[in-house]
>>> print(open('input-v2.tsv').read())   # TSV, C-alpha atoms and all ligand atoms
chain	number	residue	atom	x	y	z
S	1	MET	CA	0.00	0.00	0.00
S	2	THR	CA	1.73	3.16	-1.08
S	3	GLN	CA	1.66	6.14	1.21
S	4	PRO	CA	-0.65	9.09	0.37
S	5	LEU	CA	1.07	12.11	-1.13
S	6	SER	CA	0.82	13.87	2.20
S	7	ASN	CA	3.22	11.54	4.05
S	8	GLN	CA	5.46	9.79	1.56
S	9	PRO	CA	8.66	8.62	3.31
S	10	LEU	CA	11.44	11.09	2.64
S	11	SER	CA	14.10	9.82	0.28
S	12	THR	CA	16.90	7.89	2.07
S	13	GLU	CA	19.30	8.23	-0.84
S	14	PRO	CA	22.39	10.39	-0.27
S	15	ALA	CA	21.64	13.98	-1.14
S	16	PRO	CA	22.58	14.48	-4.80
S	17	ALA	CA	23.93	17.80	-6.07
S	18	LYS	CA	21.20	20.35	-5.48
S	19	ALA	CA	18.65	19.91	-8.26
S	20	VAL	CA	17.89	22.94	-10.42
S	21	VAL	CA	14.26	24.05	-10.06
S	22	VAL	CA	12.35	25.94	-12.74
S	23	ALA	CA	9.00	27.34	-11.63
S	24	ILE	CA	6.44	28.11	-14.36
S	25	ASP	CA	3.20	29.72	-13.14
S	26	GLY	CA	0.30	31.42	-14.85
S	27	PRO	CA	-3.44	31.37	-15.50
S	28	ALA	CA	-5.39	28.76	-17.44
S	29	ALA	CA	-4.29	27.95	-20.99
S	30	SER	CA	-1.46	30.49	-20.97
S	31	GLY	CA	0.90	27.83	-22.31
S	32	LYS	CA	2.54	26.68	-19.06
S	33	GLY	CA	2.23	22.96	-19.73
S	34	THR	CA	3.44	23.17	-23.31
S	35	LEU	CA	6.44	25.24	-22.28
S	36	SER	CA	7.22	23.13	-19.19
S	37	GLN	CA	7.30	19.88	-21.15
S	38	ARG	CA	9.62	21.38	-23.78
S	39	ILE	CA	11.92	22.89	-21.15
S	40	ALA	CA	12.06	19.60	-19.26
S	41	GLU	CA	12.99	17.70	-22.43
S	42	ALA	CA	15.53	20.32	-23.53
S	43	PHE	CA	17.38	20.36	-20.18
S	44	GLY	CA	16.88	16.71	-19.22
S	45	PHE	CA	14.72	17.74	-16.24
S	46	ALA	CA	11.71	16.00	-14.70
S	47	HIS	CA	8.34	17.75	-15.16
S	48	LEU	CA	5.40	17.99	-12.76
S	49	ASP	CA	2.06	19.44	-13.90
S	50	THR	CA	0.82	20.35	-10.43
S	51	GLY	CA	-2.62	21.20	-11.79
S	52	VAL	CA	-3.28	17.51	-12.33
S	53	LEU	CA	-3.08	16.98	-8.56
S	54	TYR	CA	-5.81	19.56	-7.92
S	55	ARG	CA	-7.91	18.25	-10.80
S	56	ALA	CA	-7.66	14.72	-9.36
S	57	VAL	CA	-8.80	15.96	-5.94
S	58	GLY	CA	-11.70	17.89	-7.48
S	59	VAL	CA	-12.88	14.97	-9.59
S	60	SER	CA	-12.54	12.57	-6.64
S	61	VAL	CA	-14.85	14.78	-4.59
S	62	LEU	CA	-17.39	14.94	-7.43
S	63	ARG	CA	-17.29	11.16	-7.90
S	64	ALA	CA	-17.95	10.68	-4.19
S	65	GLY	CA	-21.06	12.86	-4.62
S	66	GLY	CA	-19.46	15.70	-2.65
S	67	ASP	CA	-19.15	19.45	-3.19
S	68	PRO	CA	-15.61	20.61	-4.15
S	69	ALA	CA	-16.22	23.74	-2.06
S	70	ASP	CA	-16.77	21.57	1.04
S	71	ASN	CA	-13.49	21.86	2.96
S	72	ALA	CA	-13.80	18.51	4.74
S	73	ALA	CA	-14.66	16.57	1.57
S	74	ALA	CA	-11.86	18.26	-0.36
S	75	ALA	CA	-9.30	17.68	2.40
S	76	ARG	CA	-10.28	14.02	2.66
S	77	ALA	CA	-9.82	13.50	-1.07
S	78	ALA	CA	-6.45	15.25	-0.99
S	79	TYR	CA	-5.18	13.12	1.88
S	80	GLU	CA	-6.23	9.99	0.00
S	81	LEU	CA	-4.45	10.88	-3.27
S	82	HIS	CA	-1.54	8.56	-4.03
S	83	PRO	CA	1.16	9.33	-6.66
S	84	GLU	CA	0.29	6.08	-8.43
S	85	HIS	CA	-3.49	6.69	-8.32
S	86	PRO	CA	-4.88	5.83	-11.78
S	87	ILE	CA	-7.12	8.91	-11.70
S	88	LEU	CA	-4.02	11.00	-12.43
S	89	GLN	CA	-3.89	9.54	-15.94
S	90	GLU	CA	-7.58	9.93	-16.83
S	91	VAL	CA	-8.73	12.08	-19.75
S	92	ALA	CA	-11.68	13.05	-17.50
S	93	LEU	CA	-9.25	15.34	-15.69
S	94	ARG	CA	-8.90	17.49	-18.83
S	95	THR	CA	-12.53	18.70	-18.91
S	96	ASP	CA	-13.57	22.18	-17.85
S	97	ALA	CA	-15.76	20.60	-15.16
S	98	ALA	CA	-12.61	19.05	-13.69
S	99	ALA	CA	-10.83	22.41	-13.91
S	100	GLN	CA	-13.67	24.18	-12.11
S	101	ALA	CA	-13.73	21.51	-9.38
S	102	ALA	CA	-9.94	21.79	-9.09
S	103	SER	CA	-10.19	25.53	-8.67
S	104	LYS	CA	-12.68	25.09	-5.83
S	105	VAL	CA	-10.69	22.48	-3.88
S	106	ALA	CA	-7.54	24.54	-4.54
S	107	ALA	CA	-8.94	27.31	-2.34
S	108	VAL	CA	-9.04	24.93	0.65
S	109	PRO	CA	-5.92	25.38	2.82
S	110	GLU	CA	-5.91	21.74	3.93
S	111	VAL	CA	-5.84	20.59	0.31
S	112	ARG	CA	-2.86	22.80	-0.50
S	113	ALA	CA	-1.07	21.61	2.63
S	114	ALA	CA	-1.71	17.96	1.79
S	115	LEU	CA	-0.23	18.36	-1.71
S	116	LEU	CA	2.68	20.64	-0.77
S	117	ASP	CA	5.21	18.09	0.49
S	118	PHE	CA	4.88	15.91	-2.62
S	119	GLN	CA	5.53	18.90	-4.89
S	120	ARG	CA	8.55	20.01	-2.85
S	121	ARG	CA	9.99	16.50	-2.74
S	122	PHE	CA	9.56	16.21	-6.50
S	123	ALA	CA	11.52	19.44	-6.89
S	124	ALA	CA	14.25	18.48	-4.41
S	125	HIS	CA	14.61	14.88	-5.61
S	126	PRO	CA	13.48	14.77	-9.26
S	127	PRO	CA	12.48	11.24	-10.34
S	128	GLY	CA	15.10	9.17	-12.13
S	129	GLY	CA	17.89	11.24	-10.57
S	130	ALA	CA	17.29	14.05	-13.10
S	131	PRO	CA	19.53	17.08	-12.48
S	132	GLY	CA	16.53	19.38	-12.27
S	133	ALA	CA	12.77	19.73	-12.20
S	134	VAL	CA	10.21	21.93	-13.93
S	135	LEU	CA	7.00	22.44	-11.96
S	136	ASP	CA	4.09	24.28	-13.51
S	137	GLY	CA	1.07	25.63	-11.69
S	138	ARG	CA	-0.19	28.75	-9.90
S	139	ASP	CA	2.03	29.14	-6.82
S	140	ILE	CA	5.29	27.35	-7.60
S	141	GLY	CA	7.44	30.46	-7.61
S	142	THR	CA	5.62	32.06	-4.69
S	143	VAL	CA	4.86	29.21	-2.26
S	144	VAL	CA	6.02	25.75	-3.34
S	145	CYS	CA	9.56	26.58	-4.50
S	146	PRO	CA	10.26	30.23	-3.58
S	147	ASP	CA	14.00	29.54	-4.00
S	148	ALA	CA	13.65	28.20	-7.54
S	149	GLN	CA	16.69	29.20	-9.60
S	150	ALA	CA	14.45	30.37	-12.48
S	151	LYS	CA	10.84	31.57	-12.27
S	152	LEU	CA	8.60	32.34	-15.23
S	153	PHE	CA	5.04	33.68	-15.13
S	154	ILE	CA	3.31	32.85	-18.42
S	155	THR	CA	0.16	34.81	-19.23
S	156	ALA	CA	-2.03	35.91	-22.17
S	157	SER	CA	-5.31	37.76	-22.66
S	158	VAL	CA	-8.30	35.77	-21.40
S	159	GLU	CA	-9.76	35.81	-24.91
S	160	VAL	CA	-6.64	34.26	-26.41
S	161	ARG	CA	-6.45	31.69	-23.63
S	162	ALA	CA	-10.11	30.73	-23.99
S	163	GLU	CA	-9.64	30.26	-27.73
S	164	ARG	CA	-6.61	28.06	-27.13
S	165	ARG	CA	-8.50	25.97	-24.56
S	166	LEU	CA	-11.47	25.61	-26.89
S	167	LYS	CA	-9.23	24.26	-29.65
S	168	GLU	CA	-7.52	21.96	-27.16
S	169	LEU	CA	-10.82	20.52	-25.93
S	170	GLN	CA	-12.00	20.05	-29.50
S	171	ARG	CA	-8.76	18.25	-30.36
S	172	ARG	CA	-9.36	15.95	-27.40
S	173	GLY	CA	-12.90	15.27	-28.61
S	174	ILE	CA	-14.36	16.96	-25.52
S	175	PRO	CA	-17.56	18.90	-26.37
S	176	ALA	CA	-17.14	22.62	-25.64
S	177	ILE	CA	-18.97	25.86	-26.41
S	178	SER	CA	-16.82	28.95	-26.98
S	179	SER	CA	-18.85	31.26	-24.73
S	180	ASP	CA	-18.91	28.68	-21.91
S	181	VAL	CA	-15.15	28.16	-22.12
S	182	LEU	CA	-14.59	31.93	-21.90
S	183	GLU	CA	-16.96	32.39	-18.95
S	184	ASP	CA	-15.53	29.36	-17.13
S	185	MET	CA	-12.03	30.71	-17.64
S	186	LYS	CA	-12.94	34.15	-16.31
S	187	ALA	CA	-14.53	32.54	-13.24
S	188	ARG	CA	-11.51	30.34	-12.64
S	189	ASP	CA	-9.05	33.20	-13.14
S	190	ALA	CA	-10.95	35.23	-10.56
S	191	ARG	CA	-11.16	32.37	-8.07
S	192	ASP	CA	-7.47	31.54	-8.46
S	193	SER	CA	-6.23	35.11	-8.11
S	194	GLN	CA	-8.61	36.27	-5.36
S	195	ARG	CA	-8.41	33.30	-2.98
S	196	ALA	CA	-6.86	33.86	0.43
S	197	VAL	CA	-4.40	30.96	0.22
S	198	ALA	CA	-1.63	30.88	-2.40
S	199	PRO	CA	-3.34	33.28	-4.84
S	200	LEU	CA	-2.27	33.30	-8.48
S	201	ARG	CA	0.26	36.10	-8.91
S	202	PRO	CA	3.76	36.49	-10.34
S	203	ALA	CA	6.62	36.11	-7.86
S	204	VAL	CA	8.48	39.42	-7.51
S	205	ASP	CA	11.51	37.80	-9.15
S	206	ALA	CA	9.60	36.06	-11.94
S	207	PHE	CA	10.16	36.71	-15.63
S	208	VAL	CA	6.66	37.68	-16.84
S	209	LEU	CA	5.96	36.60	-20.41
S	210	ASP	CA	2.74	37.56	-22.22
S	211	THR	CA	2.27	34.93	-24.92
S	212	SER	CA	-0.84	36.49	-26.51
S	213	ALA	CA	1.04	37.30	-29.71
S	214	LEU	CA	3.78	34.71	-29.48
S	215	ASP	CA	3.80	31.18	-30.85
S	216	ALA	CA	5.06	28.26	-28.78
S	217	ASP	CA	8.50	28.34	-30.40
S	218	GLN	CA	8.99	32.03	-29.61
S	219	VAL	CA	7.91	31.43	-26.00
S	220	PHE	CA	10.30	28.50	-25.72
S	221	SER	CA	13.24	30.52	-27.05
S	222	MET	CA	12.59	33.37	-24.61
S	223	ALA	CA	12.24	30.93	-21.73
S	224	VAL	CA	15.50	29.14	-22.61
S	225	ALA	CA	17.30	32.49	-22.68
S	226	HIS	CA	15.91	33.42	-19.26
S	227	ILE	CA	16.75	30.05	-17.72
S	228	GLY	CA	20.25	30.28	-19.20
S	229	SER	CA	20.73	33.74	-17.70
S	230	LYS	CA	19.72	32.43	-14.27
S	231	THR	CA	21.45	29.06	-14.24
S	232	GLY	CA	24.20	29.23	-16.86
S	233	LEU	CA	22.67	26.10	-18.37
S	234	LYS	CA	22.08	25.54	-22.08
S	235	PRO	CA	19.56	23.12	-23.58
S	236	LYS	CA	20.82	19.79	-24.91
S	237	ALA	CA	21.79	20.02	-28.58
S	301	LIG	N1	2.25	30.27	-27.52
S	301	LIG	C1	1.17	29.56	-27.90
S	301	LIG	N2	0.47	29.93	-29.00
S	301	LIG	C2	-0.62	29.25	-29.39
S	301	LIG	N3	-1.11	28.15	-28.75
S	301	LIG	C3	-0.44	27.74	-27.65
S	301	LIG	C4	0.72	28.41	-27.17
S	301	LIG	N4	1.14	27.75	-26.06
S	301	LIG	C5	0.29	26.72	-25.87
S	301	LIG	N5	-0.67	26.71	-26.81
S	301	LIG	C6	-1.80	25.77	-26.93
S	301	LIG	O1	-2.79	26.26	-26.03
S	301	LIG	C7	-3.40	25.17	-25.30
S	301	LIG	C8	-3.13	25.34	-23.81
S	301	LIG	O2	-1.74	25.24	-23.61
S	301	LIG	P1	-1.19	24.61	-22.25
S	301	LIG	O3	0.30	24.56	-22.37
S	301	LIG	O4	-1.92	23.36	-21.93
S	301	LIG	O5	-1.61	25.75	-21.22
S	301	LIG	P2	-1.65	25.68	-19.60
S	301	LIG	O6	-0.76	24.55	-19.19
S	301	LIG	O7	-1.15	27.04	-19.20
S	301	LIG	O8	-3.09	25.48	-19.25
S	301	LIG	C9	-2.78	23.90	-25.85
S	301	LIG	O9	-3.64	23.37	-26.85
S	301	LIG	C10	-1.47	24.36	-26.47
S	301	LIG	O10	-1.10	23.55	-27.57
S	302	LIG	N1	-0.07	24.77	-8.35
S	302	LIG	C1	-1.40	24.83	-8.65
S	302	LIG	C2	-1.90	24.21	-9.83
S	302	LIG	C3	-3.27	24.26	-10.07
S	302	LIG	N2	-4.08	24.87	-9.16
S	302	LIG	C4	-5.54	24.87	-9.30
S	302	LIG	O1	-5.95	23.83	-10.17
S	302	LIG	C5	-6.71	24.36	-11.26
S	302	LIG	C6	-6.36	23.57	-12.51
S	302	LIG	O2	-4.98	23.82	-12.77
S	302	LIG	P1	-4.38	23.47	-14.22
S	302	LIG	O3	-2.96	23.97	-14.24
S	302	LIG	O4	-4.61	22.03	-14.50
S	302	LIG	O5	-5.30	24.33	-15.17
S	302	LIG	P2	-4.90	24.87	-16.62
S	302	LIG	O6	-3.97	26.04	-16.37
S	302	LIG	O7	-4.24	23.74	-17.32
S	302	LIG	O8	-6.21	25.26	-17.20
S	302	LIG	C7	-6.35	25.83	-11.34
S	302	LIG	O9	-7.42	26.61	-11.86
S	302	LIG	C8	-6.07	26.18	-9.89
S	302	LIG	O10	-7.26	26.54	-9.20
S	302	LIG	C9	-3.56	25.51	-8.04
S	302	LIG	O11	-4.31	26.11	-7.27
S	302	LIG	N3	-2.23	25.45	-7.79
>>> encode(input="input-v2.tsv", output="structure tokens", more="lines below")
Ligand SMILES: Nc1ncnc2c1ncn2[C@@H]1O[C@H](COP(=O)(O)OP(=O)(O)O)[C@@H](O)[C@H]1O
Ligand SMILES: Nc1ccn([C@@H]2O[C@H](COP(=O)(O)OP(=O)(O)O)[C@@H](O)[C@H]2O)c(=O)n1
Amino acid sequence: MTQPLSNQPLSTEPAPAKAVVVAIDGPAASGKGTLSQRIAEAFGFAHLDTGVLYRAVGVSVLRAGGDPADNAAAARAAYELHPEHPILQEVALRTDAAAQAASKVAAVPEVRAALLDFQRRFAAHPPGGAPGAVLDGRDIGTVVCPDAQAKLFITASVEVRAERRLKELQRRGIPAISSDVLEDMKARDARDSQRAVAPLRPAVDAFVLDTSALDADQVFSMAVAHIGSKTGLKPKA
């Protein structure tokens, strides 16, 4: 029986050289995940999409017939989440309903506390002995890894982000209506940035990148340059 995320045994391996941590935060559909995966591949780092953890908690509460805004139900689901839980791989997590539920449980302090140690351990001891980790989310540079060597805050206009998410959902074969996606995104942006615990905002030392008029390649190039300036590292050829 594996331990829940909240009390995984700390690694007993000898401390490796301090892993490089890249924090990539930003609102929905700004391009965090796309960028994080490319950065992880380019630098040989491990990647953690922390949003999946909150989506899994939100969907677990819904499946148990609970309300994601119910602190006790949300905390219980968070404490029960295991890193190997199959829910983490489900396409159901990619729906807007899952995102809305995630955003509600994410405002519950106990949920954030239950997921914090796993995120920090991932950053400190990247799986597979990788020399670094890229974590993307809302509060990586502000709360989870405030000492990250490089912090990026990826944003774009809500209209551009809603259009990107609509296309993404359509590509995944998930039914979506443009106006609903936009309204859902505005609601989630507001909830994420106005909540009392770990609100969505750029860290004071984050490189803020508005991707509204940039394609993924341009964003990647600018991110590589920033990471290089902070760490001296260059992507693998
Ligand atoms: N710079 C960009 N220009 C256009 N589309 C993008 C860009 N970055 C990402 N996308 C697309 O937008 C959608 C959301 O990107 P994603 O990386 O999942 O955002 P996030 O992780 O911030 O929610 C995906 O379909 C992705 O392919
Ligand atoms: N580190 C994180 C990551 C996600 N979240 C919450 O989880 C929700 C879903 O995150 P996500 O990154 O999967 O969402 P997208 O940006 O992919 O749309 C967000 O709207 C936040 O409310 C969070 O609070 N903290």
>>> residues_near_ligand(input="input-v2.tsv", ligand="ligand LIG 302 (chain S)", cutoff="7 Å", atoms="only C-alpha atoms and all ligand atoms", output="PDB file with C-alpha atoms, in the frame of the given file")
ATOM      1  CA  PRO S  27      -3.440  31.370 -15.500  1.00  0.00           C
ATOM      2  CA  ALA S  28      -5.390  28.760 -17.440  1.00  0.00           C
ATOM      3  CA  ALA S  29      -4.290  27.950 -20.990  1.00  0.00           C
ATOM      4  CA  SER S  30      -1.460  30.490 -20.970  1.00  0.00           C
ATOM      5  CA  GLY S  33       2.230  22.960 -19.730  1.00  0.00           C
ATOM      6  CA  ASP S  49       2.060  19.440 -13.900  1.00  0.00           C
ATOM      7  CA  THR S  50       0.820  20.350 -10.430  1.00  0.00           C
ATOM      8  CA  GLY S  51      -2.620  21.200 -11.790  1.00  0.00           C
ATOM      9  CA  VAL S  52      -3.280  17.510 -12.330  1.00  0.00           C
ATOM     10  CA  TYR S  54      -5.810  19.560  -7.920  1.00  0.00           C
ATOM     11  CA  ARG S  55      -7.910  18.250 -10.800  1.00  0.00           C
ATOM     12  CA  ALA S  99     -10.830  22.410 -13.910  1.00  0.00           C
ATOM     13  CA  GLN S 100     -13.670  24.180 -12.110  1.00  0.00           C
ATOM     14  CA  ALA S 102      -9.940  21.790  -9.090  1.00  0.00           C
ATOM     15  CA  SER S 103     -10.190  25.530  -8.670  1.00  0.00           C
ATOM     16  CA  LYS S 104     -12.680  25.090  -5.830  1.00  0.00           C
ATOM     17  CA  ALA S 106      -7.540  24.540  -4.540  1.00  0.00           C
ATOM     18  CA  ALA S 107      -8.940  27.310  -2.340  1.00  0.00           C
ATOM     19  CA  ASP S 136       4.090  24.280 -13.510  1.00  0.00           C
ATOM     20  CA  GLY S 137       1.070  25.630 -11.690  1.00  0.00           C
ATOM     21  CA  ARG S 138      -0.190  28.750  -9.900  1.00  0.00           C
ATOM     22  CA  ASP S 139       2.030  29.140  -6.820  1.00  0.00           C
ATOM     23  CA  ILE S 140       5.290  27.350  -7.600  1.00  0.00           C
ATOM     24  CA  ARG S 188     -11.510  30.340 -12.640  1.00  0.00           C
ATOM     25  CA  ASP S 189      -9.050  33.200 -13.140  1.00  0.00           C
ATOM     26  CA  ASP S 192      -7.470  31.540  -8.460  1.00  0.00           C
TER      27      ASP S 192
END
>>> atom_distance(input="input-v2.tsv", atom1="CA of Met222 in chain S", atom2="CA of Gln194 in chain S")
28.8 Å
>>> residues_near_ligand(input="input-v2.tsv", ligand="ligand LIG 301 (chain S)", cutoff="9 Å", atoms="all atoms listed in the file", output="number ranges by chain")
S: 25-37, 49, 51, 136-137, 154-156, 160-169, 171, 211-220
>>> closest_residue(input="input-v2.tsv", among="S:Met185, S:Ala97, S:Val61, S:Ala124", to="Ala73 in chain S", atoms="only C-alpha atoms")
S:Val61
>>> closest_residue(input="input-v2.tsv", among="S:Val105, S:Arg38, S:Leu200, S:Ala23", to="Leu62 in chain S", atoms="only C-alpha atoms")
S:Val105
>>> closest_residue(input="input-v2.tsv", among="S:Glu110, S:Glu183, S:Asp96, S:Glu90", to="Ala77 in chain S", atoms="only C-alpha atoms")
S:Glu110
>>> atom_distance(input="input-v2.tsv", atom1="CA of Pro131 in chain S", atom2="CA of Val21 in chain S")
9.1 Å
>>> residues_around(input="input-v2.tsv", residues="Arg76 in chain S", least_positions_apart="3", cutoff="10 Å", atoms="only C-alpha atoms", output="list of chain:residue names")
S:Val57, S:Ser60, S:Val61, S:Asn71, S:Ala72, S:Ala73, S:Tyr79, S:Glu80, S:Leu81, S:Glu110, S:Val111, S:Ala114
>>> residues_around(input="input-v2.tsv", residues="Phe45 in chain S", least_positions_apart="6", cutoff="9 Å", atoms="only C-alpha atoms", output="count of residues only")
9
>>> atom_distance(input="input-v2.tsv", atom1="CA of Val91 in chain S", atom2="CA of Ala190 in chain S")
25.0 Å
>>> closest_residue(input="input-v2.tsv", among="S:Val59, S:Leu182, S:Glu159, S:Val143", to="Arg112 in chain S", atoms="all atoms listed in the file")
S:Val143
>>> closest_residue(input="input-v2.tsv", among="S:Val158, S:Pro127, S:Ile87, S:Val108", to="Asp184 in chain S", atoms="all atoms listed in the file")
S:Val158
>>> residues_near_point(input="input-v2.tsv", point="(9.0, 18.1, -2.0)", cutoff="12 Å", atoms="only C-alpha atoms", output="number ranges by chain")
S: 5-11, 19, 21, 48, 50, 113-127, 133, 135, 140, 143-145
>>> residues_around(input="input-v2.tsv", residues="Gly228 in chain S", least_positions_apart="4", cutoff="12 Å", atoms="all atoms listed in the file", output="number ranges by chain")
S: 20, 22, 39, 42-43, 149-151, 221-224, 232-236
>>> closest_residue(input="input-v2.tsv", among="S:Ala98, S:Asp70, S:Ser229, S:Pro109", to="Val197 in chain S", atoms="all atoms listed in the file")
S:Pro109
>>> decode(input="input-v2.tsv", residues="range 156-177 of chain S", atoms="N, CA and C atoms", output="PDB file, in the first residue's frame")
ATOM      1  N   ALA S 156      -1.500  35.491 -20.866  1.00  0.00           N
ATOM      2  CA  ALA S 156      -2.026  35.914 -22.170  1.00  0.00           C
ATOM      3  C   ALA S 156      -3.416  36.485 -21.899  1.00  0.00           C
ATOM      4  N   SER S 157      -3.979  37.196 -22.878  1.00  0.00           N
ATOM      5  CA  SER S 157      -5.315  37.758 -22.658  1.00  0.00           C
ATOM      6  C   SER S 157      -6.297  36.590 -22.449  1.00  0.00           C
ATOM      7  N   VAL S 158      -7.356  36.862 -21.688  1.00  0.00           N
ATOM      8  CA  VAL S 158      -8.300  35.770 -21.402  1.00  0.00           C
ATOM      9  C   VAL S 158      -8.976  35.290 -22.691  1.00  0.00           C
ATOM     10  N   GLU S 159      -9.140  36.209 -23.642  1.00  0.00           N
ATOM     11  CA  GLU S 159      -9.764  35.814 -24.914  1.00  0.00           C
ATOM     12  C   GLU S 159      -8.859  34.831 -25.671  1.00  0.00           C
ATOM     13  N   VAL S 160      -7.581  35.156 -25.720  1.00  0.00           N
ATOM     14  CA  VAL S 160      -6.636  34.264 -26.408  1.00  0.00           C
ATOM     15  C   VAL S 160      -6.584  32.913 -25.693  1.00  0.00           C
ATOM     16  N   ARG S 161      -6.542  32.948 -24.384  1.00  0.00           N
ATOM     17  CA  ARG S 161      -6.450  31.688 -23.631  1.00  0.00           C
ATOM     18  C   ARG S 161      -7.716  30.846 -23.785  1.00  0.00           C
ATOM     19  N   ALA S 162      -8.857  31.492 -23.818  1.00  0.00           N
ATOM     20  CA  ALA S 162     -10.109  30.730 -23.988  1.00  0.00           C
ATOM     21  C   ALA S 162     -10.152  30.081 -25.369  1.00  0.00           C
ATOM     22  N   GLU S 163      -9.668  30.816 -26.365  1.00  0.00           N
ATOM     23  CA  GLU S 163      -9.645  30.262 -27.726  1.00  0.00           C
ATOM     24  C   GLU S 163      -8.701  29.062 -27.797  1.00  0.00           C
ATOM     25  N   ARG S 164      -7.548  29.180 -27.145  1.00  0.00           N
ATOM     26  CA  ARG S 164      -6.609  28.057 -27.126  1.00  0.00           C
ATOM     27  C   ARG S 164      -7.229  26.845 -26.434  1.00  0.00           C
ATOM     28  N   ARG S 165      -7.904  27.101 -25.292  1.00  0.00           N
ATOM     29  CA  ARG S 165      -8.499  25.974 -24.558  1.00  0.00           C
ATOM     30  C   ARG S 165      -9.618  25.334 -25.352  1.00  0.00           C
ATOM     31  N   LEU S 166     -10.389  26.159 -26.067  1.00  0.00           N
ATOM     32  CA  LEU S 166     -11.474  25.613 -26.894  1.00  0.00           C
ATOM     33  C   LEU S 166     -10.901  24.666 -27.936  1.00  0.00           C
ATOM     34  N   LYS S 167      -9.844  25.107 -28.615  1.00  0.00           N
ATOM     35  CA  LYS S 167      -9.231  24.260 -29.647  1.00  0.00           C
ATOM     36  C   LYS S 167      -8.661  22.976 -29.014  1.00  0.00           C
ATOM     37  N   GLU S 168      -8.091  23.141 -27.846  1.00  0.00           N
ATOM     38  CA  GLU S 168      -7.515  21.963 -27.165  1.00  0.00           C
ATOM     39  C   GLU S 168      -8.605  20.948 -26.841  1.00  0.00           C
ATOM     40  N   LEU S 169      -9.729  21.428 -26.289  1.00  0.00           N
ATOM     41  CA  LEU S 169     -10.825  20.517 -25.925  1.00  0.00           C
ATOM     42  C   LEU S 169     -11.374  19.842 -27.172  1.00  0.00           C
ATOM     43  N   GLN S 170     -11.488  20.627 -28.255  1.00  0.00           N
ATOM     44  CA  GLN S 170     -12.005  20.046 -29.504  1.00  0.00           C
ATOM     45  C   GLN S 170     -11.052  18.978 -30.027  1.00  0.00           C
ATOM     46  N   ARG S 171      -9.735  19.251 -29.908  1.00  0.00           N
ATOM     47  CA  ARG S 171      -8.764  18.251 -30.360  1.00  0.00           C
ATOM     48  C   ARG S 171      -8.882  16.969 -29.541  1.00  0.00           C
ATOM     49  N   ARG S 172      -9.236  17.119 -28.284  1.00  0.00           N
ATOM     50  CA  ARG S 172      -9.362  15.952 -27.398  1.00  0.00           C
ATOM     51  C   ARG S 172     -10.733  15.279 -27.564  1.00  0.00           C
ATOM     52  N   GLY S 173     -11.573  15.851 -28.428  1.00  0.00           N
ATOM     53  CA  GLY S 173     -12.903  15.271 -28.613  1.00  0.00           C
ATOM     54  C   GLY S 173     -13.825  15.537 -27.443  1.00  0.00           C
ATOM     55  N   ILE S 174     -13.514  16.595 -26.669  1.00  0.00           N
ATOM     56  CA  ILE S 174     -14.357  16.964 -25.520  1.00  0.00           C
ATOM     57  C   ILE S 174     -15.298  18.092 -25.963  1.00  0.00           C
ATOM     58  N   PRO S 175     -16.615  17.865 -25.915  1.00  0.00           N
ATOM     59  CA  PRO S 175     -17.564  18.903 -26.367  1.00  0.00           C
ATOM     60  C   PRO S 175     -17.345  20.211 -25.597  1.00  0.00           C
ATOM     61  N   ALA S 176     -17.340  21.322 -26.318  1.00  0.00           N
ATOM     62  CA  ALA S 176     -17.143  22.619 -25.645  1.00  0.00           C
ATOM     63  C   ALA S 176     -17.788  23.721 -26.469  1.00  0.00           C
ATOM     64  N   ILE S 177     -18.341  24.698 -25.763  1.00  0.00           N
ATOM     65  CA  ILE S 177     -18.965  25.857 -26.412  1.00  0.00           C
ATOM     66  C   ILE S 177     -18.112  27.083 -26.099  1.00  0.00           C
TER      67      ILE S 177
END
